[in-house]
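**Q** Here you go, query11.cif (mmCIF, C-alpha atoms):
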data_my_file
loop_
_atom_site.group_PDB
_atom_site.id
_atom_site.type_symbol
_atom_site.label_atom_id
_atom_site.label_comp_id
_atom_site.auth_asym_id
_atom_site.auth_seq_id
_atom_site.Cartn_x
_atom_site.Cartn_y
_atom_site.Cartn_z
ATOM 1 C CA MET A 1 0.000 0.000 0.000
ATOM 2 C CA GLN A 2 1.409 3.362 -1.052
ATOM 3 C CA ILE A 3 0.574 6.438 1.033
ATOM 4 C CA GLY A 4 0.621 9.962 -0.364
ATOM 5 C CA PHE A 5 -0.383 13.474 0.658
ATOM 6 C CA ASN A 6 -1.863 16.501 -1.021
ATOM 7 C CA LEU A 7 0.685 19.289 -1.499
ATOM 8 C CA PRO A 8 -0.696 22.808 -0.869
ATOM 9 C CA VAL A 9 -0.886 24.771 -4.122
ATOM 10 C CA SER A 10 -3.608 27.290 -3.256
ATOM 11 C CA GLY A 11 -4.483 29.889 -0.672
ATOM 12 C CA PRO A 12 -2.044 31.338 1.863
ATOM 13 C CA MET A 13 0.297 28.326 1.610
ATOM 14 C CA ALA A 14 0.864 28.650 -2.153
ATOM 15 C CA SER A 15 4.373 30.110 -1.968
ATOM 16 C CA ALA A 16 7.653 28.763 -3.301
ATOM 17 C CA GLU A 17 9.107 28.341 0.187
ATOM 18 C CA VAL A 18 6.109 26.565 1.694
ATOM 19 C CA ILE A 19 5.575 24.280 -1.292
ATOM 20 C CA ALA A 20 9.237 23.224 -1.316
ATOM 21 C CA ASN A 21 9.384 22.778 2.469
ATOM 22 C CA ILE A 22 6.221 20.669 2.645
ATOM 23 C CA ALA A 23 7.327 18.527 -0.317
ATOM 24 C CA GLN A 24 10.720 17.909 1.299
ATOM 25 C CA LEU A 25 9.095 17.163 4.653
ATOM 26 C CA GLY A 26 6.806 14.580 3.060
ATOM 27 C CA GLU A 27 9.785 12.971 1.366
ATOM 28 C CA SER A 28 11.753 12.827 4.626
ATOM 29 C CA LEU A 29 8.775 11.312 6.486
ATOM 30 C CA GLY A 30 8.570 8.460 3.995
ATOM 31 C CA PHE A 31 5.433 9.318 2.054
ATOM 32 C CA ASP A 32 5.489 7.519 -1.292
ATOM 33 C CA TYR A 33 4.029 10.353 -3.344
ATOM 34 C CA LEU A 34 2.631 13.864 -3.253
ATOM 35 C CA THR A 35 -0.278 15.219 -5.247
ATOM 36 C CA LEU A 36 -1.004 18.544 -6.964
ATOM 37 C CA THR A 37 -4.437 19.786 -8.006
ATOM 38 C CA ASP A 38 -5.370 21.677 -11.174
ATOM 39 C CA HIS A 39 -7.462 24.825 -11.459
ATOM 40 C CA ILE A 40 -6.589 27.849 -13.566
ATOM 41 C CA ALA A 41 -9.540 30.251 -13.270
ATOM 42 C CA LEU A 42 -12.263 30.057 -10.624
ATOM 43 C CA PRO A 43 -15.479 32.025 -10.063
ATOM 44 C CA ASP A 44 -15.229 34.777 -7.477
ATOM 45 C CA THR A 45 -17.521 33.080 -4.984
ATOM 46 C CA SER A 46 -17.124 31.065 -1.801
ATOM 47 C CA THR A 47 -19.492 28.386 -3.076
ATOM 48 C CA PRO A 48 -18.702 27.559 -6.716
ATOM 49 C CA GLY A 49 -20.390 24.151 -6.629
ATOM 50 C CA TYR A 50 -17.411 22.013 -5.614
ATOM 51 C CA PRO A 51 -18.746 18.450 -5.890
ATOM 52 C CA TYR A 52 -16.593 16.879 -3.171
ATOM 53 C CA SER A 53 -17.735 18.683 -0.028
ATOM 54 C CA PRO A 54 -21.106 18.727 1.743
ATOM 55 C CA THR A 55 -21.505 22.492 1.317
ATOM 56 C CA GLY A 56 -20.122 22.894 -2.203
ATOM 57 C CA GLU A 57 -17.262 25.035 -0.870
ATOM 58 C CA PHE A 58 -13.597 24.304 -1.474
ATOM 59 C CA TYR A 59 -11.832 22.925 1.591
ATOM 60 C CA THR A 60 -8.943 25.367 1.380
ATOM 61 C CA PRO A 61 -9.298 29.137 1.886
ATOM 62 C CA ASP A 62 -8.863 31.476 -1.091
ATOM 63 C CA PRO A 63 -8.935 28.665 -3.711
ATOM 64 C CA GLY A 64 -8.597 31.155 -6.569
ATOM 65 C CA HIS A 65 -5.057 32.037 -5.454
ATOM 66 C CA ARG A 66 -3.418 28.983 -6.984
ATOM 67 C CA VAL A 67 -0.154 28.174 -8.725
ATOM 68 C CA GLU A 68 -0.334 26.338 -12.060
ATOM 69 C CA GLN A 69 -0.115 22.574 -11.757
ATOM 70 C CA LEU A 70 2.482 21.513 -14.327
ATOM 71 C CA THR A 71 4.843 24.400 -13.614
ATOM 72 C CA THR A 72 4.646 23.523 -9.933
ATOM 73 C CA ALA A 73 5.269 19.839 -10.649
ATOM 74 C CA ALA A 74 8.530 20.789 -12.367
ATOM 75 C CA TRP A 75 9.476 23.052 -9.435
ATOM 76 C CA VAL A 76 8.777 20.291 -6.921
ATOM 77 C CA ALA A 77 10.757 17.786 -8.977
ATOM 78 C CA ALA A 78 13.773 20.084 -8.726
ATOM 79 C CA LYS A 79 13.352 20.420 -4.947
ATOM 80 C CA THR A 80 13.032 16.679 -4.202
ATOM 81 C CA SER A 81 14.891 13.528 -5.194
ATOM 82 C CA LYS A 82 12.776 10.407 -4.720
ATOM 83 C CA ILE A 83 9.131 11.118 -3.893
ATOM 84 C CA ARG A 84 6.729 10.486 -6.776
ATOM 85 C CA ILE A 85 4.788 13.461 -8.183
ATOM 86 C CA VAL A 86 1.118 12.815 -8.915
ATOM 87 C CA LEU A 87 -1.129 15.158 -10.889
ATOM 88 C CA ALA A 88 -4.389 14.873 -8.985
ATOM 89 C CA VAL A 89 -5.874 15.396 -11.321
ATOM 90 C CA MET A 90 -4.828 17.229 -14.474
ATOM 91 C CA VAL A 91 -7.909 18.587 -16.254
ATOM 92 C CA VAL A 92 -7.097 17.240 -19.693
ATOM 93 C CA PRO A 93 -9.081 19.772 -21.815
ATOM 94 C CA HIS A 94 -7.244 22.697 -20.185
ATOM 95 C CA ARG A 95 -4.163 22.289 -22.391
ATOM 96 C CA PRO A 96 -3.636 21.222 -26.049
ATOM 97 C CA ALA A 97 -2.619 17.590 -26.321
ATOM 98 C CA VAL A 98 0.654 17.990 -28.220
ATOM 99 C CA VAL A 99 1.942 20.717 -25.908
ATOM 100 C CA THR A 100 0.816 18.771 -22.843
ATOM 101 C CA SER A 101 2.533 15.593 -24.000
ATOM 102 C CA LYS A 102 5.799 17.537 -24.326
ATOM 103 C CA MET A 103 5.428 19.164 -20.902
ATOM 104 C CA LEU A 104 4.658 15.868 -19.176
ATOM 105 C CA ALA A 105 7.499 14.037 -20.920
ATOM 106 C CA THR A 106 9.855 16.846 -19.884
ATOM 107 C CA ILE A 107 8.767 16.622 -16.238
ATOM 108 C CA ASP A 108 9.222 12.851 -16.311
ATOM 109 C CA VAL A 109 12.712 13.187 -17.805
ATOM 110 C CA LEU A 110 13.852 15.948 -15.465
ATOM 111 C CA SER A 111 12.436 14.190 -12.386
ATOM 112 C CA GLY A 112 14.128 10.897 -13.239
ATOM 113 C CA GLY A 113 10.878 9.100 -13.978
ATOM 114 C CA ARG A 114 8.836 10.167 -10.941
ATOM 115 C CA LEU A 115 5.704 11.511 -12.656
ATOM 116 C CA VAL A 116 2.225 9.978 -12.362
ATOM 117 C CA VAL A 117 -0.380 11.514 -14.664
ATOM 118 C CA GLY A 118 -3.710 11.650 -12.877
ATOM 119 C CA VAL A 119 -6.387 12.820 -15.304
ATOM 120 C CA GLY A 120 -9.967 14.041 -15.406
ATOM 121 C CA ALA A 121 -12.353 15.726 -17.813
ATOM 122 C CA GLY A 122 -13.177 18.688 -15.553
ATOM 123 C CA TRP A 123 -16.460 19.783 -14.023
ATOM 124 C CA LEU A 124 -16.464 23.592 -13.726
ATOM 125 C CA LYS A 125 -18.093 25.057 -16.833
ATOM 126 C CA PRO A 126 -17.037 28.727 -16.388
ATOM 127 C CA GLU A 127 -13.425 27.651 -15.996
ATOM 128 C CA LEU A 128 -13.431 25.321 -18.990
ATOM 129 C CA ASP A 129 -15.223 27.935 -21.109
ATOM 130 C CA ALA A 130 -12.473 30.435 -20.267
ATOM 131 C CA VAL A 131 -9.478 28.114 -20.544
ATOM 132 C CA SER A 132 -10.218 25.413 -23.100
ATOM 133 C CA THR A 133 -10.498 25.795 -26.867
ATOM 134 C CA THR A 134 -13.035 22.954 -27.085
ATOM 135 C CA PRO A 135 -16.707 22.994 -25.971
ATOM 136 C CA PHE A 136 -17.611 22.131 -22.390
ATOM 137 C CA ALA A 137 -20.209 19.619 -23.576
ATOM 138 C CA GLU A 138 -17.511 17.720 -25.475
ATOM 139 C CA ARG A 139 -15.026 17.556 -22.601
ATOM 140 C CA GLY A 140 -15.353 13.780 -22.225
ATOM 141 C CA ALA A 141 -14.663 13.120 -25.905
ATOM 142 C CA VAL A 142 -11.849 15.685 -25.854
ATOM 143 C CA THR A 143 -10.274 13.991 -22.837
ATOM 144 C CA ASP A 144 -10.394 10.568 -24.465
ATOM 145 C CA GLU A 145 -8.886 11.799 -27.727
ATOM 146 C CA TYR A 146 -6.199 13.911 -26.055
ATOM 147 C CA LEU A 147 -5.124 10.940 -23.934
ATOM 148 C CA ASP A 148 -5.018 8.656 -26.965
ATOM 149 C CA ALA A 149 -2.934 11.237 -28.829
ATOM 150 C CA MET A 150 -0.534 11.707 -25.923
ATOM 151 C CA ARG A 151 0.067 7.976 -25.641
ATOM 152 C CA VAL A 152 0.877 7.849 -29.367
ATOM 153 C CA ILE A 153 3.251 10.809 -29.040
ATOM 154 C CA TRP A 154 5.001 9.213 -26.067
ATOM 155 C CA THR A 155 5.507 5.842 -27.753
ATOM 156 C CA GLN A 156 6.043 6.454 -31.496
ATOM 157 C CA ASP A 157 9.323 7.776 -32.919
ATOM 158 C CA ARG A 158 7.442 9.843 -35.506
ATOM 159 C CA PRO A 159 3.937 10.006 -34.099
ATOM 160 C CA VAL A 160 0.970 10.058 -36.432
ATOM 161 C CA PHE A 161 -2.479 10.844 -35.039
ATOM 162 C CA HIS A 162 -5.505 12.316 -36.799
ATOM 163 C CA GLY A 163 -8.666 12.860 -34.800
ATOM 164 C CA LYS A 164 -11.364 15.470 -34.409
ATOM 165 C CA TYR A 165 -9.325 17.655 -32.049
ATOM 166 C CA VAL A 166 -5.679 16.561 -32.538
ATOM 167 C CA HIS A 167 -3.556 16.263 -35.697
ATOM 168 C CA ILE A 168 0.134 15.379 -35.782
ATOM 169 C CA ASP A 169 1.841 13.762 -38.746
ATOM 170 C CA GLY A 170 5.335 12.401 -38.185
ATOM 171 C CA LEU A 171 6.852 15.378 -36.387
ATOM 172 C CA LEU A 172 9.669 14.819 -33.908
ATOM 173 C CA THR A 173 8.536 15.171 -30.300
ATOM 174 C CA ASP A 174 11.507 13.918 -28.270
ATOM 175 C CA PRO A 175 12.419 13.441 -25.514
ATOM 176 C CA LYS A 176 10.254 10.457 -24.713
ATOM 177 C CA PRO A 177 9.325 9.853 -21.073
ATOM 178 C CA VAL A 178 11.787 7.942 -18.907
ATOM 179 C CA GLN A 179 9.030 5.559 -17.806
ATOM 180 C CA LYS A 180 8.018 3.013 -20.410
ATOM 181 C CA PRO A 181 5.798 2.934 -22.278
ATOM 182 C CA HIS A 182 4.825 6.209 -20.567
ATOM 183 C CA PRO A 183 4.134 7.598 -17.077
ATOM 184 C CA PRO A 184 1.343 5.771 -15.239
ATOM 185 C CA ILE A 185 -2.130 7.170 -15.920
ATOM 186 C CA TRP A 186 -4.507 7.318 -12.954
ATOM 187 C CA VAL A 187 -8.014 8.165 -14.105
ATOM 188 C CA GLY A 188 -10.048 10.265 -11.706
ATOM 189 C CA GLY A 189 -13.811 10.471 -11.458
ATOM 190 C CA GLU A 190 -16.687 8.468 -10.096
ATOM 191 C CA SER A 191 -19.247 8.732 -12.914
ATOM 192 C CA GLY A 192 -19.906 6.043 -15.507
ATOM 193 C CA PRO A 193 -17.887 7.748 -18.286
ATOM 194 C CA SER A 194 -14.933 8.313 -15.949
ATOM 195 C CA MET A 195 -14.948 4.692 -14.823
ATOM 196 C CA ARG A 196 -15.143 3.447 -18.411
ATOM 197 C CA ARG A 197 -12.170 5.692 -19.269
ATOM 198 C CA ALA A 198 -10.221 4.186 -16.380
ATOM 199 C CA ALA A 199 -11.132 0.680 -17.498
ATOM 200 C CA ARG A 200 -9.974 1.393 -21.046
ATOM 201 C CA ILE A 201 -6.609 3.083 -20.475
ATOM 202 C CA GLY A 202 -5.840 3.578 -16.789
ATOM 203 C CA GLU A 203 -3.175 1.951 -14.691
ATOM 204 C CA ALA A 204 -5.425 2.906 -11.781
ATOM 205 C CA TRP A 205 -8.897 4.227 -11.024
ATOM 206 C CA TYR A 206 -8.601 7.326 -8.823
ATOM 207 C CA PRO A 207 -11.883 8.254 -7.094
ATOM 208 C CA ILE A 208 -12.692 10.640 -4.266
ATOM 209 C CA GLY A 209 -15.144 9.126 -1.830
ATOM 210 C CA SER A 210 -17.059 12.319 -1.069
ATOM 211 C CA ASN A 211 -18.548 13.091 -4.503
ATOM 212 C CA ASN A 212 -22.137 13.857 -3.538
ATOM 213 C CA ALA A 213 -23.476 12.443 -6.819
ATOM 214 C CA HIS A 214 -21.487 9.192 -6.629
ATOM 215 C CA LEU A 215 -20.684 8.502 -2.989
ATOM 216 C CA LEU A 216 -17.942 6.014 -2.152
ATOM 217 C CA ASP A 217 -17.647 7.074 1.468
ATOM 218 C CA THR A 218 -18.347 3.778 3.263
ATOM 219 C CA MET A 219 -16.949 0.286 3.008
ATOM 220 C CA PRO A 220 -20.029 -1.158 1.247
ATOM 221 C CA ARG A 221 -20.102 1.696 -1.272
ATOM 222 C CA LEU A 222 -16.383 1.519 -2.012
ATOM 223 C CA THR A 223 -16.523 -2.270 -2.293
ATOM 224 C CA ALA A 224 -19.333 -1.952 -4.828
ATOM 225 C CA GLY A 225 -17.393 0.695 -6.753
ATOM 226 C CA ILE A 226 -14.325 -1.520 -6.963
ATOM 227 C CA GLY A 227 -16.545 -4.340 -8.169
ATOM 228 C CA ARG A 228 -17.853 -2.080 -10.950
ATOM 229 C CA ILE A 229 -14.377 -1.010 -12.083
ATOM 230 C CA ARG A 230 -13.306 -4.645 -12.200
ATOM 231 C CA GLU A 231 -16.315 -5.522 -14.375
ATOM 232 C CA LEU A 232 -15.687 -2.570 -16.693
ATOM 233 C CA THR A 233 -12.003 -3.439 -16.992
ATOM 234 C CA ARG A 234 -12.871 -7.003 -17.963
ATOM 235 C CA ALA A 235 -15.407 -5.719 -20.498
ATOM 236 C CA ALA A 236 -12.684 -3.489 -21.987
ATOM 237 C CA GLY A 237 -10.592 -6.584 -22.647
ATOM 238 C CA ARG A 238 -8.059 -5.948 -19.903
ATOM 239 C CA ASP A 239 -7.055 -7.908 -16.818
ATOM 240 C CA PRO A 240 -9.105 -6.633 -13.845
ATOM 241 C CA ALA A 241 -6.390 -7.792 -11.442
ATOM 242 C CA ALA A 242 -3.942 -5.367 -13.060
ATOM 243 C CA MET A 243 -6.152 -2.328 -12.366
ATOM 244 C CA GLY A 244 -4.964 -0.341 -9.361
ATOM 245 C CA VAL A 245 -7.350 1.621 -7.145
ATOM 246 C CA VAL A 246 -6.125 4.860 -5.593
ATOM 247 C CA TYR A 247 -8.488 6.475 -3.073
ATOM 248 C CA ARG A 248 -8.375 10.153 -2.163
ATOM 249 C CA VAL A 249 -9.189 10.944 1.467
ATOM 250 C CA LYS A 250 -10.312 14.562 1.807
ATOM 251 C CA ARG A 251 -10.781 14.476 5.595
ATOM 252 C CA HIS A 252 -9.617 11.927 8.155
ATOM 253 C CA GLY A 253 -9.521 11.316 11.891
ATOM 254 C CA GLN A 254 -12.457 13.596 12.645
ATOM 255 C CA PRO A 255 -15.860 12.747 14.144
ATOM 256 C CA ALA A 256 -18.639 12.671 11.572
ATOM 257 C CA PRO A 257 -22.260 11.545 11.440
ATOM 258 C CA ALA A 258 -23.037 8.231 9.791
ATOM 259 C CA ALA A 259 -23.295 8.189 6.012
ATOM 260 C CA THR A 260 -26.674 8.092 4.296
ATOM 261 C CA ASP A 261 -26.414 4.296 4.001
ATOM 262 C CA GLY A 262 -26.193 4.088 7.796
ATOM 263 C CA CYS A 263 -22.542 3.037 7.900
ATOM 264 C CA ARG A 264 -19.585 4.858 9.416
ATOM 265 C CA LYS A 265 -17.838 7.031 6.854
ATOM 266 C CA LEU A 266 -14.396 5.760 5.977
ATOM 267 C CA PHE A 267 -11.482 7.439 7.776
ATOM 268 C CA THR A 268 -13.700 9.245 10.289
ATOM 269 C CA SER A 269 -13.572 9.019 14.077
ATOM 270 C CA SER A 270 -10.318 7.955 15.752
ATOM 271 C CA VAL A 271 -6.727 7.209 14.792
ATOM 272 C CA ALA A 272 -7.418 3.545 15.465
ATOM 273 C CA ASP A 273 -10.307 3.658 12.999
ATOM 274 C CA THR A 274 -8.047 5.247 10.388
ATOM 275 C CA ILE A 275 -5.487 2.457 10.796
ATOM 276 C CA GLU A 276 -8.234 -0.175 10.597
ATOM 277 C CA ASP A 277 -9.675 1.479 7.488
ATOM 278 C CA ILE A 278 -6.275 1.472 5.752
ATOM 279 C CA ALA A 279 -6.040 -2.289 6.260
ATOM 280 C CA ALA A 280 -9.678 -2.826 5.279
ATOM 281 C CA VAL A 281 -9.538 -0.912 1.990
ATOM 282 C CA HIS A 282 -6.234 -2.570 1.111
ATOM 283 C CA ALA A 283 -7.940 -5.934 1.564
ATOM 284 C CA ILE A 284 -10.625 -5.057 -1.011
ATOM 285 C CA GLY A 285 -8.130 -3.897 -3.629
ATOM 286 C CA VAL A 286 -7.045 -0.308 -2.854
ATOM 287 C CA THR A 287 -3.395 0.027 -3.834
ATOM 288 C CA ALA A 288 -2.702 3.601 -2.695
ATOM 289 C CA LEU A 289 -4.232 6.246 -0.427
ATOM 290 C CA ASP A 290 -3.576 9.955 -0.240
ATOM 291 C CA PHE A 291 -4.408 12.210 2.667
ATOM 292 C CA ASP A 292 -4.976 15.959 2.922
ATOM 293 C CA PHE A 293 -3.044 18.179 5.356
ATOM 294 C CA GLU A 294 -3.825 21.502 3.692
ATOM 295 C CA GLY A 295 -5.034 24.507 5.631
ATOM 296 C CA ARG A 296 -4.241 28.095 6.415
ATOM 297 C CA ASP A 297 -0.971 27.631 8.275
ATOM 298 C CA ALA A 298 2.211 25.914 7.090
ATOM 299 C CA THR A 299 3.423 25.240 10.619
ATOM 300 C CA LYS A 300 0.193 23.436 11.539
ATOM 301 C CA SER A 301 0.196 21.431 8.303
ATOM 302 C CA ALA A 302 3.770 20.310 8.937
ATOM 303 C CA ALA A 303 2.867 19.363 12.503
ATOM 304 C CA ASP A 304 -0.166 17.405 11.274
ATOM 305 C CA MET A 305 2.017 15.497 8.784
ATOM 306 C CA LYS A 306 4.520 14.601 11.512
ATOM 307 C CA LYS A 307 1.681 13.534 13.808
ATOM 308 C CA PHE A 308 0.202 11.370 11.039
ATOM 309 C CA HIS A 309 3.597 9.764 10.508
ATOM 310 C CA HIS A 310 3.943 9.011 14.218
ATOM 311 C CA GLU A 311 0.387 7.818 14.817
ATOM 312 C CA VAL A 312 -0.424 6.104 11.521
ATOM 313 C CA LEU A 313 2.436 5.607 9.027
ATOM 314 C CA SER A 314 4.759 4.103 11.620
ATOM 315 C CA ARG A 315 2.067 1.584 12.599
ATOM 316 C CA ILE A 316 1.039 0.172 9.220
#
Please render this file's structure as structure tokens.
**A**
Amino acid sequence: MQIGFNLPVSGPMASAEVIANIAQLGESLGFDYLTLTDHIALPDTSTPGYPYSPTGEFYTPDPGHRVEQLTTAAWVAAKTSKIRIVLAVMVVPHRPAVVTSKMLATIDVLSGGRLVVGVGAGWLKPELDAVSTTPFAERGAVTDEYLDAMRVIWTQDRPVFHGKYVHIDGLLTDPKPVQKPHPPIWVGGESGPSMRRAARIGEAWYPIGSNNAHLLDTMPRLTAGIGRIRELTRAAGRDPAAMGVVYRVKRHGQPAPAATDGCRKLFTSSVADTIEDIAAVHAIGVTALDFDFEGRDATKSAADMKKFHHEVLSRI
């Protein structure tokens, strides 16, 4: 079981010093990977309809003050030496496929093969309307085609790809990624289209349990979700046993009311419950977990990471 943490890239902690210090702390504490989120332009409102919290608000303060994901990934790669760098997730329609493939390959090369490409289609229409050159309604099709094009670019010496949104015909695009055939792709999302995308091309399915439209916040719900991804992977002609499951934990170790199915929400209540939940989700097929220590204060976040290491990481 790999354990990761969410690196602060927004709000009052989004500074070069804090980002580097927290990344280096996580590496020294033995976390396997860190994650970086991806937003470029957000509505000027405290409640923009965030799908992963009960209120629709972002968990971190001032979410619109945010450093760009891929630039930050390169910065973090230069400030660390062994921790893996996970895009969690990159909104694929934000950036043209050919340019993105080059940026990701460059990060993988310069980091010594430490990049994991978490991907999603995006959900925030005003942002995608402002940033993307393709229609919001076509974001799923755009994501699928961009990913197919990027995999061709990463693996062919003179890549040729002609689709609706991407055209490249034998141009040189080196360097290729260090990791072969390309960096691992973790596919985020809990909806049917997202799960089918994961089943078709993903090394791992990467859900968040708190999506109000597709809850995976209890053991029965997560077990059922893993069963579905296994079925979809088999239907896609791939080995279900080879599909990883990476679960994002937005909040942990805090009291919470029971979920709407009557069960205790995963990773709520005590430290002992968190440790038990790590073992339980591993037993049903979860291969990696990442935890969130973001907040308003770098000192508190660092202290929380050290406490988590002492109370949890050292005991699993």
**Q** Go through A:Gly285, A:Thr218, A:His182, A:Phe161 and flag the residue nearest Arg230 of chain A, using only C-alpha atoms for the distances.
**A**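 Of the candidates, the smallest distance to Arg230 of chain A is held by A:Gly285.
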**Q** Write out as a list in words each polymer residue whose atoms come within 9 Å of Lys265 of chain A, counting only C-alpha atoms; drop sequence neighbours fewer than 3 positions from it.
**A** Asp217, Thr218, Met219, Ala256, Pro257, Ala258, Ala259, Gly262, Thr268 and Ser269 of chain A
**Q** In Å, with one decimal, what is the gap from atom CA of Asp239 of chain A to atom CA of Ala149 of chain A?
**A**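 It comes out at 23.0 Å.
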**Q** List every residue of segment 231-286 of chain A that has an atom at most 10 Å from any atom of segment 293-311 of chain A, giving for each one its closest atom pair and the distance in Å to one decimal, counting all atoms listed in the file, sorted by chain and then by ascending residue number, as a Markdown table.
**A**
| residue | atom | partner | partner_atom | distance |
| --- | --- | --- | --- | --- |
| A:Lys250 | CA | A:Phe293 | CA | 8.9 |
| A:Arg251 | CA | A:Phe293 | CA | 8.6 |
| A:His252 | CA | A:Phe293 | CA | 9.5 |
| A:Gly253 | CA | A:Phe308 | CA | 9.8 |
| A:Val271 | CA | A:Glu311 | CA | 7.1 |
| A:Ala272 | CA | A:Glu311 | CA | 8.9 |
| A:Thr274 | CA | A:Glu311 | CA | 9.9 |
| A:Ile275 | CA | A:Glu311 | CA | 8.9 |
**Q** So that I can see what lies close to segment 81-92 of chain A, please list as a PyMOL selection string the residues with an atom at most 6 Å from it, counting all atoms listed in the file and leaving out residues fewer than 5 positions away in the same chain.
**A** chain A and resi 27+32-38+114-122+143
**Q** Here's the selection I'm unsure about, the PyMOL selection byres ((chain A and resi 176) around 6); applied to the file above, which residues does it give, as JSON, numbers by chain?
**A** {"A": [105, 154, 174, 175, 177]}
**Q** For those residues, write C-alpha atoms to a file as an mmCIF file, keeping the file's coordinate frame.
**A**
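File written: result.cif
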data_model
loop_
_atom_site.group_PDB
_atom_site.id
_atom_site.type_symbol
_atom_site.label_atom_id
_atom_site.label_comp_id
_atom_site.auth_asym_id
_atom_site.auth_seq_id
_atom_site.Cartn_x
_atom_site.Cartn_y
_atom_site.Cartn_z
ATOM 1 C CA ALA A 105 7.499 14.037 -20.920
ATOM 2 C CA TRP A 154 5.001 9.213 -26.067
ATOM 3 C CA ASP A 174 11.507 13.918 -28.270
ATOM 4 C CA PRO A 175 12.419 13.441 -25.514
ATOM 5 C CA PRO A 177 9.325 9.853 -21.073
#
**Q** For a test of reading the model, state the distance in Å between atom CA of Ala279 of chain A and atom CA of Leu266 of chain A, rounded to one decimal.
**A**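 Between these atoms lies a distance of 11.6 Å.
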**Q** If the PyMOL selection byres ((chain A and resi 193) around 12) is run on the structure shown, which residues does it catch, given as a list in words?
**A**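 Selected by the PyMOL selection byres ((chain A and resi 193) around 12) in this file: Gly120, Ala121, Arg139, Gly140, Ala141, Thr143, Asp144, Val187, Gly188, Gly189, Glu190, Ser191, Gly192, Ser194, Met195, Arg196, Arg197, Ala198, Ala199, Arg200, Ile229 and Leu232 of chain A.
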**Q** Would you mind telling me which residue in A:Met1, A:Val286, A:Met103, A:Ala204 lies nearest to Thr71 of chain A when using only C-alpha atoms?
**A**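 Looking only at the distances to Thr71 of chain A, the closest residue turns out to be A:Met103.
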**Q** Please indicate the distance in Å from atom CA of Val67 of chain A to atom CA of Ile40 of chain A, rounded to one decimal place.
**A**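 For atom CA of Val67 of chain A relative to atom CA of Ile40 of chain A, the distance reads 8.1 Å.
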**Q** Restricting the calculation to all atoms listed in the file: of A:Arg66, A:Lys102, A:Arg248, A:Lys180, which residue gets closest to Ala288 of chain A?
**A** A:Arg248
**Q** Can you pull out the residues contacting Pro43 of chain A? Cut-off 10 Å, using all atoms listed in the file, and skip same-chain residues under 6 positions away; I want them as a list in words.
**A**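 Close residues of Pro43 of chain A: Gly49, Pro63, Gly64, Leu124, Pro126 and Glu127 of chain A.
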**Q** Counting all atoms listed in the file, figure out which residue out of A:Ile185, A:Gln254, A:Val178, A:Ala41 gets nearest to Ala130 of chain A.
**A**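 Among A:Ile185, A:Gln254, A:Val178, A:Ala41, it is A:Ala41 that comes nearest to Ala130 of chain A.
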**Q** In terms of the shortest atom-to-atom distance over all atoms listed in the file, which of A:Gly113, A:Thr287, A:Ile19, A:Arg228 is closest to Gly4 of chain A?
**A**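 Residue with the minimum atom-to-atom distance to Gly4 of chain A: A:Thr287.
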**Q** Determine the nearest neighbour of Ala20 of chain A from the options A:Arg95, A:His65, A:Lys79, A:Arg158, counting only C-alpha atoms.
**A** A:Lys79
